file structure.cif (mmCIF, C-alpha atoms and all ligand atoms)
data_target
#
loop_
_atom_site.label_atom_id
_atom_site.label_comp_id
_atom_site.auth_asym_id
_atom_site.auth_seq_id
_atom_site.Cartn_x
_atom_site.Cartn_y
_atom_site.Cartn_z
CA MET Q 1 -76.11 46.38 -68.21
CA ARG Q 2 -79.39 44.66 -67.69
CA CYS Q 3 -79.65 46.00 -64.19
CA PHE Q 4 -78.97 49.50 -65.41
CA GLN Q 5 -81.64 49.21 -68.07
CA SER Q 6 -84.24 47.99 -65.65
CA GLY Q 7 -83.34 50.89 -63.40
CA ILE Q 8 -84.13 53.30 -66.23
CA LYS Q 9 -87.37 51.52 -66.96
CA LYS Q 10 -88.50 51.92 -63.39
CA LYS Q 11 -87.73 55.59 -63.61
CA GLU Q 12 -89.68 55.91 -66.85
CA VAL Q 13 -92.69 54.18 -65.35
CA PHE Q 14 -92.54 56.49 -62.38
CA ILE Q 15 -92.37 59.59 -64.58
CA TYR Q 16 -95.18 58.28 -66.76
CA LEU Q 17 -97.46 57.70 -63.77
CA VAL Q 18 -96.89 61.19 -62.41
CA LYS Q 19 -97.52 62.65 -65.85
CA SER Q 20 -100.75 60.70 -66.33
CA ASP Q 21 -102.06 61.89 -62.95
CA VAL Q 22 -101.38 65.46 -64.00
CA MET Q 23 -103.18 64.86 -67.32
CA GLU Q 24 -106.19 63.42 -65.57
CA GLU Q 25 -106.50 66.48 -63.35
CA GLU Q 26 -106.12 68.68 -66.44
CA ILE Q 27 -108.90 66.77 -68.22
CA LYS Q 28 -111.15 66.96 -65.18
CA GLN Q 29 -110.62 70.73 -65.01
CA LYS Q 30 -111.59 71.02 -68.70
CA TYR Q 31 -114.81 69.09 -68.03
CA ILE Q 32 -115.50 71.37 -65.07
CA LYS Q 33 -114.82 74.53 -67.11
CA ALA Q 34 -117.01 73.27 -70.00
CA GLY Q 35 -119.77 72.49 -67.52
CA LYS Q 36 -119.59 75.92 -65.95
CA VAL Q 37 -119.74 77.70 -69.31
CA ALA Q 38 -122.68 75.50 -70.38
CA ALA Q 39 -124.50 76.27 -67.13
CA GLU Q 40 -123.96 80.02 -67.49
CA ALA Q 41 -125.08 79.98 -71.13
CA ARG Q 42 -128.14 77.89 -70.19
CA ASN Q 43 -129.09 80.32 -67.39
CA TYR Q 44 -128.57 83.26 -69.73
CA GLY Q 45 -130.96 81.55 -72.16
CA VAL Q 46 -133.54 81.15 -69.40
CA SER Q 47 -133.30 84.87 -68.60
CA LEU Q 48 -134.08 85.72 -72.24
CA ALA Q 49 -136.87 83.16 -72.73
CA LYS Q 50 -139.86 85.52 -72.49
CA PRO Q 51 -143.03 85.33 -74.60
CA GLY Q 52 -142.50 86.92 -78.00
CA ILE Q 53 -138.78 86.18 -78.35
CA LYS Q 54 -137.81 84.54 -81.63
CA LEU Q 55 -136.24 81.12 -81.12
CA LEU Q 56 -133.67 82.15 -83.71
CA ASP Q 57 -132.56 85.16 -81.62
CA LEU Q 58 -132.50 83.02 -78.48
CA ALA Q 59 -130.32 80.32 -80.07
CA GLU Q 60 -127.87 82.85 -81.51
CA ALA Q 61 -127.66 84.74 -78.22
CA ILE Q 62 -126.88 81.55 -76.26
CA GLU Q 63 -124.27 80.41 -78.78
CA ARG Q 64 -122.64 83.88 -78.71
CA LYS Q 65 -122.55 83.70 -74.90
CA ILE Q 66 -120.75 80.33 -75.06
CA GLU Q 67 -118.01 81.88 -77.20
CA GLU Q 68 -117.79 85.00 -74.99
CA LEU Q 69 -117.22 82.76 -71.98
CA GLY Q 70 -114.35 80.98 -73.73
CA GLY Q 71 -116.14 77.81 -74.85
CA ARG Q 72 -117.24 76.37 -78.18
CA PRO Q 73 -120.66 74.83 -78.85
CA ALA Q 74 -120.45 71.01 -78.61
CA PHE Q 75 -123.67 70.94 -80.64
CA PRO Q 76 -126.19 73.56 -81.79
CA VAL Q 77 -128.43 74.91 -79.02
CA ASN Q 78 -131.56 72.73 -79.12
CA LEU Q 79 -134.77 74.72 -78.58
CA SER Q 80 -137.54 72.14 -78.81
CA LEU Q 81 -141.14 73.13 -78.08
CA ASN Q 82 -143.99 71.12 -76.52
CA SER Q 83 -144.30 67.67 -78.15
CA HIS Q 84 -140.93 68.11 -79.86
CA ALA Q 85 -138.63 66.33 -77.42
CA ALA Q 86 -135.25 67.16 -78.97
CA HIS Q 87 -133.15 68.17 -81.98
CA TYR Q 88 -134.99 71.33 -82.98
CA THR Q 89 -132.67 74.23 -83.65
CA PRO Q 90 -133.83 77.31 -85.57
CA HIS Q 91 -132.94 77.78 -89.24
CA LYS Q 92 -131.86 81.04 -90.88
CA ASN Q 93 -135.29 82.59 -91.46
CA ASP Q 94 -137.07 80.80 -88.62
CA PRO Q 95 -140.20 82.82 -87.67
CA ILE Q 96 -141.20 80.81 -84.55
CA THR Q 97 -141.64 82.80 -81.34
CA LEU Q 98 -142.07 81.63 -77.75
CA LYS Q 99 -145.61 81.64 -76.35
CA GLU Q 100 -146.93 81.83 -72.79
CA GLU Q 101 -148.06 78.19 -72.55
CA ASP Q 102 -145.09 76.64 -74.40
CA TYR Q 103 -142.78 74.06 -72.89
CA LEU Q 104 -139.37 75.13 -74.18
CA LYS Q 105 -136.44 72.76 -73.71
CA ILE Q 106 -133.15 74.70 -73.79
CA ASP Q 107 -130.41 72.09 -74.31
CA VAL Q 108 -126.87 73.49 -74.37
CA GLY Q 109 -123.58 71.74 -75.12
CA VAL Q 110 -120.15 73.30 -74.64
CA HIS Q 111 -116.68 71.92 -75.19
CA ILE Q 112 -113.28 73.02 -74.00
CA ASP Q 113 -110.61 71.29 -76.08
CA GLY Q 114 -113.19 68.55 -76.83
CA TYR Q 115 -114.26 67.95 -73.21
CA ILE Q 116 -118.00 68.47 -72.98
CA GLY Q 117 -120.60 69.91 -70.64
CA ASP Q 118 -124.19 69.09 -71.65
CA THR Q 119 -127.16 70.58 -69.80
CA ALA Q 120 -130.85 71.28 -70.35
CA VAL Q 121 -133.78 72.91 -68.65
CA THR Q 122 -137.47 73.26 -69.48
CA VAL Q 123 -138.94 76.76 -69.41
CA ARG Q 124 -142.64 77.58 -69.44
CA PRO Q 125 -143.41 81.32 -69.30
CA ALA Q 126 -146.88 80.58 -67.83
CA GLY Q 127 -145.14 78.94 -64.86
CA LYS Q 128 -143.42 75.76 -63.77
CA ASP Q 129 -145.95 72.94 -63.53
CA GLU Q 130 -145.95 69.31 -62.38
CA LEU Q 131 -144.55 68.01 -65.67
CA ILE Q 132 -141.44 70.19 -65.34
CA LYS Q 133 -141.13 69.44 -61.62
CA CYS Q 134 -141.27 65.75 -62.49
CA SER Q 135 -138.32 65.93 -64.91
CA GLU Q 136 -136.33 67.92 -62.35
CA LYS Q 137 -137.02 65.37 -59.63
CA MET Q 138 -136.12 62.48 -61.97
CA LEU Q 139 -132.73 64.07 -62.55
CA GLU Q 140 -132.16 65.01 -58.92
CA GLU Q 141 -132.75 61.44 -57.73
CA ALA Q 142 -130.62 59.98 -60.52
CA LEU Q 143 -127.61 62.24 -59.94
CA LYS Q 144 -127.20 61.08 -56.33
CA LEU Q 145 -126.50 57.59 -57.68
CA PHE Q 146 -123.52 58.42 -59.93
CA VAL Q 147 -121.08 56.83 -57.50
CA PRO Q 148 -118.59 54.02 -58.25
CA GLY Q 149 -120.20 50.58 -58.08
CA GLU Q 150 -123.78 51.71 -58.80
CA LYS Q 151 -125.57 50.02 -61.70
CA LEU Q 152 -127.18 51.88 -64.62
CA SER Q 153 -130.05 49.35 -64.48
CA HIS Q 154 -130.91 50.55 -60.96
CA ILE Q 155 -130.63 54.22 -61.94
CA GLY Q 156 -133.18 53.66 -64.74
CA GLU Q 157 -135.58 52.09 -62.28
CA VAL Q 158 -135.24 55.02 -59.85
CA ILE Q 159 -135.91 57.51 -62.66
CA GLU Q 160 -138.97 55.56 -63.84
CA ASN Q 161 -140.38 55.36 -60.30
CA VAL Q 162 -140.29 59.14 -59.89
CA THR Q 163 -142.28 59.50 -63.11
CA LYS Q 164 -144.88 57.05 -61.85
CA GLU Q 165 -145.22 58.96 -58.56
CA PHE Q 166 -146.10 62.05 -60.57
CA GLY Q 167 -148.49 60.10 -62.79
CA PHE Q 168 -146.54 60.75 -66.02
CA ASN Q 169 -144.53 58.57 -68.41
CA PRO Q 170 -140.77 58.59 -69.03
CA ILE Q 171 -139.78 58.70 -72.70
CA ARG Q 172 -138.74 55.10 -73.16
CA ASN Q 173 -136.68 55.51 -76.31
CA LEU Q 174 -134.57 58.51 -75.28
CA THR Q 175 -131.54 58.08 -73.05
CA GLY Q 176 -128.74 59.94 -71.38
CA HIS Q 177 -125.26 59.07 -72.62
CA GLY Q 178 -121.58 58.83 -71.92
CA LEU Q 179 -119.41 61.86 -72.69
CA GLU Q 180 -115.93 61.54 -74.15
CA ARG Q 181 -113.52 63.87 -75.89
CA PHE Q 182 -115.24 65.22 -79.03
CA SER Q 183 -118.04 62.67 -78.58
CA VAL Q 184 -121.47 63.70 -77.31
CA HIS Q 185 -123.12 60.31 -77.42
CA SER Q 186 -120.78 57.63 -76.19
CA PRO Q 187 -122.01 54.32 -74.82
CA PRO Q 188 -123.39 53.29 -72.43
CA GLY Q 189 -126.81 54.95 -72.58
CA VAL Q 190 -128.49 56.03 -69.35
CA MET Q 191 -132.02 54.72 -69.73
CA ASN Q 192 -134.99 56.42 -68.11
CA ILE Q 193 -136.73 53.13 -67.37
CA LYS Q 194 -135.99 49.88 -65.56
CA ASN Q 195 -133.55 47.95 -67.78
CA ASN Q 196 -130.99 45.17 -67.98
CA SER Q 197 -127.83 47.23 -68.55
CA PRO Q 198 -124.90 45.30 -67.09
CA HIS Q 199 -122.86 48.49 -66.73
CA THR Q 200 -121.44 49.30 -63.30
CA LEU Q 201 -120.25 52.88 -62.81
CA LYS Q 202 -116.53 53.53 -62.44
CA GLU Q 203 -114.74 56.48 -60.87
CA GLY Q 204 -114.04 59.18 -63.48
CA GLU Q 205 -116.66 58.17 -66.06
CA VAL Q 206 -118.60 61.14 -67.42
CA PHE Q 207 -122.29 61.15 -68.34
CA GLY Q 208 -124.97 63.48 -69.63
CA VAL Q 209 -128.02 62.49 -67.60
CA GLU Q 210 -131.26 63.64 -69.19
CA PRO Q 211 -134.59 62.23 -68.09
CA PHE Q 212 -137.53 63.20 -70.27
CA CYS Q 213 -141.10 62.94 -69.03
CA THR Q 214 -144.38 63.40 -70.84
CA ASN Q 215 -148.11 63.49 -70.32
CA GLY Q 216 -148.28 61.46 -73.54
CA SER Q 217 -147.65 57.77 -74.11
CA GLY Q 218 -143.86 57.91 -73.67
CA ARG Q 219 -142.20 57.36 -77.03
CA VAL Q 220 -140.70 59.64 -79.66
CA LYS Q 221 -140.45 59.22 -83.41
CA ASP Q 222 -138.50 60.99 -86.15
CA THR Q 223 -140.22 63.85 -87.98
CA SER Q 224 -139.43 64.79 -91.59
CA THR Q 225 -137.57 67.94 -90.43
CA THR Q 226 -133.80 67.83 -89.99
CA LEU Q 227 -131.89 70.88 -88.74
CA ILE Q 228 -128.89 69.16 -87.12
CA TYR Q 229 -126.30 66.88 -88.76
CA GLY Q 230 -123.16 65.05 -87.73
CA PHE Q 231 -120.09 64.31 -89.86
CA ILE Q 232 -119.40 60.62 -90.59
CA GLN Q 233 -116.81 60.51 -93.41
CA ASN Q 234 -115.53 62.44 -96.39
CA LYS Q 235 -117.21 61.73 -99.74
CA PRO Q 236 -116.33 63.15 -103.14
CA ILE Q 237 -118.79 65.84 -104.19
CA ARG Q 238 -118.61 67.83 -107.41
CA SER Q 239 -120.32 71.14 -106.75
CA PRO Q 240 -118.17 73.99 -105.37
CA GLU Q 241 -120.84 74.62 -102.68
CA GLY Q 242 -120.67 70.97 -101.65
CA ARG Q 243 -116.91 71.15 -101.27
CA LYS Q 244 -117.20 74.41 -99.35
CA ILE Q 245 -119.74 72.83 -96.98
CA LEU Q 246 -117.40 69.88 -96.32
CA GLU Q 247 -114.61 72.38 -95.59
CA ILE Q 248 -116.80 74.25 -93.07
CA ILE Q 249 -117.89 71.00 -91.42
CA LYS Q 250 -114.28 69.91 -90.81
CA GLY Q 251 -114.00 72.82 -88.37
CA PHE Q 252 -116.57 71.16 -86.04
CA ASN Q 253 -114.26 68.20 -85.18
CA GLY Q 254 -116.96 65.61 -85.85
CA LEU Q 255 -119.39 67.25 -83.40
CA PRO Q 256 -123.00 67.87 -84.51
CA PHE Q 257 -123.68 71.12 -86.36
CA ALA Q 258 -126.70 73.20 -87.37
CA LYS Q 259 -128.01 73.76 -90.88
CA ARG Q 260 -128.20 77.39 -89.69
CA TRP Q 261 -124.41 77.51 -89.23
CA ILE Q 262 -123.93 76.59 -92.90
CA GLU Q 263 -126.63 79.06 -94.01
CA ARG Q 264 -124.34 81.85 -92.82
CA TYR Q 265 -122.21 81.16 -95.91
CA ILE Q 266 -124.49 79.46 -98.45
CA SER Q 267 -128.13 80.11 -99.40
CA PRO Q 268 -130.73 78.09 -97.44
CA ILE Q 269 -132.05 76.36 -100.58
CA LYS Q 270 -128.59 75.24 -101.73
CA THR Q 271 -127.70 74.23 -98.16
CA SER Q 272 -130.80 72.01 -97.82
CA MET Q 273 -130.06 70.37 -101.14
CA ILE Q 274 -126.42 69.63 -100.41
CA LEU Q 275 -126.96 68.45 -96.82
CA LYS Q 276 -129.55 65.99 -98.12
CA GLN Q 277 -127.17 64.86 -100.86
CA LEU Q 278 -124.31 64.38 -98.35
CA SER Q 279 -126.63 62.44 -96.02
CA ASP Q 280 -127.70 60.15 -98.87
CA LEU Q 281 -124.03 59.56 -99.72
CA GLY Q 282 -123.34 58.50 -96.13
CA ALA Q 283 -121.09 61.50 -95.42
CA LEU Q 284 -123.46 62.98 -92.84
CA HIS Q 285 -125.72 61.61 -90.14
CA PRO Q 286 -129.04 63.48 -89.97
CA TYR Q 287 -130.59 64.08 -86.54
CA PRO Q 288 -134.29 64.62 -87.33
CA VAL Q 289 -136.50 66.53 -84.90
CA LEU Q 290 -137.99 64.02 -82.44
CA LYS Q 291 -141.68 64.21 -81.58
CA GLU Q 292 -143.72 62.49 -78.87
CA VAL Q 293 -145.89 59.97 -80.75
CA SER Q 294 -149.17 60.89 -79.04
CA ASP Q 295 -148.48 64.67 -79.19
CA GLY Q 296 -147.91 64.82 -75.44
CA ASN Q 297 -145.95 67.70 -73.97
CA VAL Q 298 -142.38 66.83 -73.05
CA ALA Q 299 -140.20 68.19 -70.22
CA GLN Q 300 -136.46 67.54 -69.99
CA THR Q 301 -133.82 68.39 -67.41
CA GLU Q 302 -130.16 67.53 -67.87
CA HIS Q 303 -126.83 67.80 -66.09
CA SER Q 304 -123.38 66.39 -66.78
CA VAL Q 305 -121.78 64.40 -64.00
CA ILE Q 306 -118.39 62.86 -63.26
CA VAL Q 307 -118.73 59.59 -61.34
CA SER Q 308 -117.16 59.98 -57.89
CA GLU Q 309 -117.86 59.07 -54.23
CA LYS Q 310 -119.49 62.49 -54.16
CA PRO Q 311 -120.79 62.89 -57.75
CA ILE Q 312 -119.34 65.99 -59.45
CA VAL Q 313 -122.16 67.74 -61.31
CA THR Q 314 -120.25 70.00 -63.68
CA THR Q 315 -123.24 71.96 -65.00
CA LYS Q 316 -124.69 73.10 -61.68
CA ILE Q 317 -123.94 76.67 -60.58
CO CO C 1 -127.33 65.25 -73.60
#
call {"tool": "encode", "arguments": {"input": "structure.cif", "output": "structure tokens"}}
result
Amino acid sequence: MRCFQSGIKKKEVFIYLVKSDVMEEEIKQKYIKAGKVAAEARNYGVSLAKPGIKLLDLAEAIERKIEELGGRPAFPVNLSLNSHAAHYTPHKNDPITLKEEDYLKIDVGVHIDGYIGDTAVTVRPAGKDELIKCSEKMLEEALKLFVPGEKLSHIGEVIENVTKEFGFNPIRNLTGHGLERFSVHSPPGVMNIKNNSPHTLKEGEVFGVEPFCTNGSGRVKDTSTTLIYGFIQNKPIRSPEGRKILEIIKGFNGLPFAKRWIERYISPIKTSMILKQLSDLGALHPYPVLKEVSDGNVAQTEHSVIVSEKPIVTTKI
């Protein structure tokens, strides 16, 4: 009897192992698909980013493209200009247009069944300059190191050294991040400076690697503008609009969402009021627009990578 049971157990273990290998390959393929869609949507955005285009039209076009290609936005398209480093996404009546000398960061996130591709590029209609080249080189050098056994502390040092060679500063308080199912910012962070992270990379870990460089002093601070929010927990709210907003938000699976997405259903004034109320209640996490403290211009380049002997960059096409 015992013997028989243990025989079955062995069989179960065997079946389980085979199954889990299949799942892993399935998950990897979802990361790869999400990365490819994000890359195509990003490149489409670059092709549209000409002087005079409204940021609002650009954001909506990129988000439409993501859906056309079979993905879902993992967060609102971030279109941050110049000293705004991140977290700007247009609102419903946003009048801002792209200008010749602007540094426009197009940061795109896509998920397939929760598995995320996150990628960004800096566009400057007047031409790519040293600041943009610096952020590209920071990323290029970092990506080579996403192999098992490498340390995040070393990667930060390599990124910082590239910035020094160019004579710019890395943004010290912005980091890349782990990617997990339905989670855009999982630990550990990938710092853009020399650091003491004890983390050693393991096969199959997934990261969004996003060095930022600036001709300013190298720090960002919150502004008073918030256009992106994340869901934390349900809270009772009385107004029908408030309840409707919570209903809409549930559809985003805990991923960050744009004020603009809510403004499709509820007036901008009401939306602002309720999002603030829900943030104060602790139901939402606000992601304010981040600005370089000394008003320096900021360039960002980002890819998503799966740690492997030969790193798999999912957002390169
Ligand atoms: Co990212």
call {"tool": "atom_distance", "arguments": {"input": "structure.cif", "atom1": "atom CA of Q:Ala39", "atom2": "atom CA of Q:Glu160"}}
result
25.5 Å
call {"tool": "closest_residue", "arguments": {"input": "structure.cif", "among": "Q:Ser224, Q:Lys105, Q:Asp295, Q:Leu275", "to": "Q:Lys244", "atoms": "all atoms listed in the file"}}
result
Q:Leu275
call {"tool": "residues_near_ligand", "arguments": {"input": "structure.cif", "ligand": "ligand CO 1 (chain C)", "cutoff": "6 Å", "atoms": "only C-alpha atoms and all ligand atoms", "output": "tab-separated table (two decimals) with C-alpha atoms, in the coordinates of the input"}}
result
chain	number	residue	atom	x	y	z
Q	118	ASP	CA	-124.19	69.09	-71.65
Q	176	GLY	CA	-128.74	59.94	-71.38
Q	208	GLY	CA	-124.97	63.48	-69.63
call {"tool": "closest_residue", "arguments": {"input": "structure.cif", "among": "Q:Ile232, Q:Ile132, Q:Ile53, Q:Leu281", "to": "Q:Glu100", "atoms": "all atoms listed in the file"}}
result
Q:Ile53
call {"tool": "closest_residue", "arguments": {"input": "structure.cif", "among": "Q:Leu201, Q:Val37, Q:Cys213, Q:Ala74", "to": "Q:Asn253", "atoms": "only C-alpha atoms"}}
result
Q:Ala74
call {"tool": "closest_atom_pairs", "arguments": {"input": "structure.cif", "of": "stretch 161-216 of chain Q", "to": "stretch 307-315 of chain Q", "cutoff": "7 Å", "atoms": "all atoms listed in the file", "output": "JSON lines"}}
result
{"residue": "Q:Lys202", "atom": "CA", "partner": "Q:Val307", "partner_atom": "CA", "distance": 6.5}
{"residue": "Q:Glu203", "atom": "CA", "partner": "Q:Val307", "partner_atom": "CA", "distance": 5.1}
{"residue": "Q:Gly204", "atom": "CA", "partner": "Q:Val307", "partner_atom": "CA", "distance": 5.2}
{"residue": "Q:Glu205", "atom": "CA", "partner": "Q:Val307", "partner_atom": "CA", "distance": 5.3}
{"residue": "Q:Val206", "atom": "CA", "partner": "Q:Val307", "partner_atom": "CA", "distance": 6.3}
call {"tool": "residues_around", "arguments": {"input": "structure.cif", "residues": "stretch 119-126 of chain Q", "least_positions_apart": "5", "cutoff": "9 Å", "atoms": "only C-alpha atoms", "output": "VMD selection string"}}
result
chain Q and resid 35 38 to 39 42 to 43 46 49 to 51 78 98 to 110 132 135 to 136 208 to 210 298 to 304 315 to 316
call {"tool": "closest_residue", "arguments": {"input": "structure.cif", "among": "Q:Ile237, Q:Ile317, Q:Leu152, Q:Val147", "to": "Q:Pro198", "atoms": "only C-alpha atoms"}}
result
Q:Leu152
call {"tool": "residues_around", "arguments": {"input": "structure.cif", "residues": "Q:Cys134", "least_positions_apart": "3", "cutoff": "7 Å", "atoms": "all atoms listed in the file", "output": "PyMOL selection string"}}
result
chain Q and resi 130-131+137-138+163+166
call {"tool": "residues_around", "arguments": {"input": "structure.cif", "residues": "Q:Gly156", "least_positions_apart": "2", "cutoff": "9 Å", "atoms": "only C-alpha atoms", "output": "list of chain:residue names"}}
result
Q:Ala142, Q:Lys151, Q:Leu152, Q:Ser153, Q:His154, Q:Val158, Q:Ile159, Q:Glu160, Q:Asn161, Q:Val190, Q:Met191, Q:Asn192, Q:Ile193, Q:Lys194, Q:Asn195
call {"tool": "closest_residue", "arguments": {"input": "structure.cif", "among": "Q:His185, Q:Arg260, Q:Lys276, Q:Lys33", "to": "Q:Lys92", "atoms": "all atoms listed in the file"}}
result
Q:Arg260
call {"tool": "closest_residue", "arguments": {"input": "structure.cif", "among": "Q:Ile112, Q:Glu247, Q:Gly218, Q:His285", "to": "Q:Glu67", "atoms": "all atoms listed in the file"}}
result
Q:Ile112
call {"tool": "atom_distance", "arguments": {"input": "structure.cif", "atom1": "atom CA of Q:Thr223", "atom2": "atom CA of Q:Thr89"}}
result
13.5 Å
call {"tool": "atom_distance", "arguments": {"input": "structure.cif", "atom1": "atom CA of Q:Glu68", "atom2": "atom CA of Q:Phe207"}}
result
25.2 Å
call {"tool": "residues_around", "arguments": {"input": "structure.cif", "residues": "Q:Asp113", "least_positions_apart": "3", "cutoff": "12 Å", "atoms": "all atoms listed in the file", "output": "list of chain:residue names"}}
result
Q:Glu26, Q:Ile27, Q:Lys28, Q:Gln29, Q:Lys30, Q:Tyr31, Q:Lys33, Q:Ala34, Q:Gly70, Q:Gly71, Q:Arg72, Q:Pro73, Q:Ala74, Q:Val110, Q:Ile116, Q:Gly117, Q:Glu180, Q:Arg181, Q:Phe182, Q:Ser183, Q:Phe252, Q:Asn253
call {"tool": "residues_around", "arguments": {"input": "structure.cif", "residues": "Q:Pro76", "least_positions_apart": "3", "cutoff": "12 Å", "atoms": "only C-alpha atoms", "output": "JSON, numbers by chain"}}
result
{"Q": [56, 58, 59, 60, 61, 62, 63, 64, 66, 72, 73, 79, 80, 86, 87, 88, 89, 90, 91, 106, 107, 108, 109, 110, 111, 118, 184, 227, 228, 229, 230, 252, 255, 256, 257, 258, 259, 260, 261, 262, 287]}
call {"tool": "write_last_selection", "arguments": {"input": "structure.cif", "atoms": "C-alpha atoms", "output": "tab-separated table (two decimals), in the frame of the given file"}}
result
chain	number	residue	atom	x	y	z
Q	56	LEU	CA	-133.67	82.15	-83.71
Q	58	LEU	CA	-132.50	83.02	-78.48
Q	59	ALA	CA	-130.32	80.32	-80.07
Q	60	GLU	CA	-127.87	82.85	-81.51
Q	61	ALA	CA	-127.66	84.74	-78.22
Q	62	ILE	CA	-126.88	81.55	-76.26
Q	63	GLU	CA	-124.27	80.41	-78.78
Q	64	ARG	CA	-122.64	83.88	-78.71
Q	66	ILE	CA	-120.75	80.33	-75.06
Q	72	ARG	CA	-117.24	76.37	-78.18
Q	73	PRO	CA	-120.66	74.83	-78.85
Q	79	LEU	CA	-134.77	74.72	-78.58
Q	80	SER	CA	-137.54	72.14	-78.81
Q	86	ALA	CA	-135.25	67.16	-78.97
Q	87	HIS	CA	-133.15	68.17	-81.98
Q	88	TYR	CA	-134.99	71.33	-82.98
Q	89	THR	CA	-132.67	74.23	-83.65
Q	90	PRO	CA	-133.83	77.31	-85.57
Q	91	HIS	CA	-132.94	77.78	-89.24
Q	106	ILE	CA	-133.15	74.70	-73.79
Q	107	ASP	CA	-130.41	72.09	-74.31
Q	108	VAL	CA	-126.87	73.49	-74.37
Q	109	GLY	CA	-123.58	71.74	-75.12
Q	110	VAL	CA	-120.15	73.30	-74.64
Q	111	HIS	CA	-116.68	71.92	-75.19
Q	118	ASP	CA	-124.19	69.09	-71.65
Q	184	VAL	CA	-121.47	63.70	-77.31
Q	227	LEU	CA	-131.89	70.88	-88.74
Q	228	ILE	CA	-128.89	69.16	-87.12
Q	229	TYR	CA	-126.30	66.88	-88.76
Q	230	GLY	CA	-123.16	65.05	-87.73
Q	252	PHE	CA	-116.57	71.16	-86.04
Q	255	LEU	CA	-119.39	67.25	-83.40
Q	256	PRO	CA	-123.00	67.87	-84.51
Q	257	PHE	CA	-123.68	71.12	-86.36
Q	258	ALA	CA	-126.70	73.20	-87.37
Q	259	LYS	CA	-128.01	73.76	-90.88
Q	260	ARG	CA	-128.20	77.39	-89.69
Q	261	TRP	CA	-124.41	77.51	-89.23
Q	262	ILE	CA	-123.93	76.59	-92.90
Q	287	TYR	CA	-130.59	64.08	-86.54
call {"tool": "build_atoms", "arguments": {"input": "structure.cif", "residues": "stretch 163-167 of chain Q", "atoms": "all heavy atoms", "output": "compact mmCIF listing (two decimals), in the coordinates of the input"}}
result
# COMPACT_ATOMS: atom_id res chain seq x y z
N THR Q 163 -141.26 59.14 -62.10
CA THR Q 163 -142.28 59.50 -63.11
C THR Q 163 -143.64 58.93 -62.72
O THR Q 163 -144.66 59.60 -62.85
CB THR Q 163 -141.89 58.94 -64.50
OG1 THR Q 163 -140.50 58.83 -64.58
CG2 THR Q 163 -142.40 59.82 -65.60
N LYS Q 164 -143.61 57.69 -62.25
CA LYS Q 164 -144.88 57.05 -61.85
C LYS Q 164 -145.53 57.80 -60.69
O LYS Q 164 -146.74 58.01 -60.68
CB LYS Q 164 -144.61 55.60 -61.42
CG LYS Q 164 -144.45 54.64 -62.60
CD LYS Q 164 -144.34 53.20 -62.08
CE LYS Q 164 -143.85 52.27 -63.15
NZ LYS Q 164 -143.15 51.09 -62.57
N GLU Q 165 -144.69 58.21 -59.71
CA GLU Q 165 -145.22 58.96 -58.56
C GLU Q 165 -145.96 60.20 -59.02
O GLU Q 165 -146.97 60.59 -58.45
CB GLU Q 165 -144.08 59.42 -57.64
CG GLU Q 165 -143.58 58.37 -56.67
CD GLU Q 165 -142.26 58.81 -56.03
OE1 GLU Q 165 -142.07 60.03 -55.81
OE2 GLU Q 165 -141.42 57.92 -55.78
N PHE Q 166 -145.45 60.84 -60.05
CA PHE Q 166 -146.10 62.05 -60.57
C PHE Q 166 -147.28 61.72 -61.49
O PHE Q 166 -148.03 62.61 -61.87
CB PHE Q 166 -145.08 62.89 -61.35
CG PHE Q 166 -144.24 63.81 -60.50
CD1 PHE Q 166 -143.11 63.35 -59.85
CD2 PHE Q 166 -144.60 65.15 -60.35
CE1 PHE Q 166 -142.34 64.20 -59.08
CE2 PHE Q 166 -143.84 66.01 -59.57
CZ PHE Q 166 -142.68 65.53 -58.93
N GLY Q 167 -147.39 60.48 -61.90
CA GLY Q 167 -148.49 60.10 -62.79
C GLY Q 167 -148.21 60.39 -64.26
O GLY Q 167 -149.13 60.48 -65.08
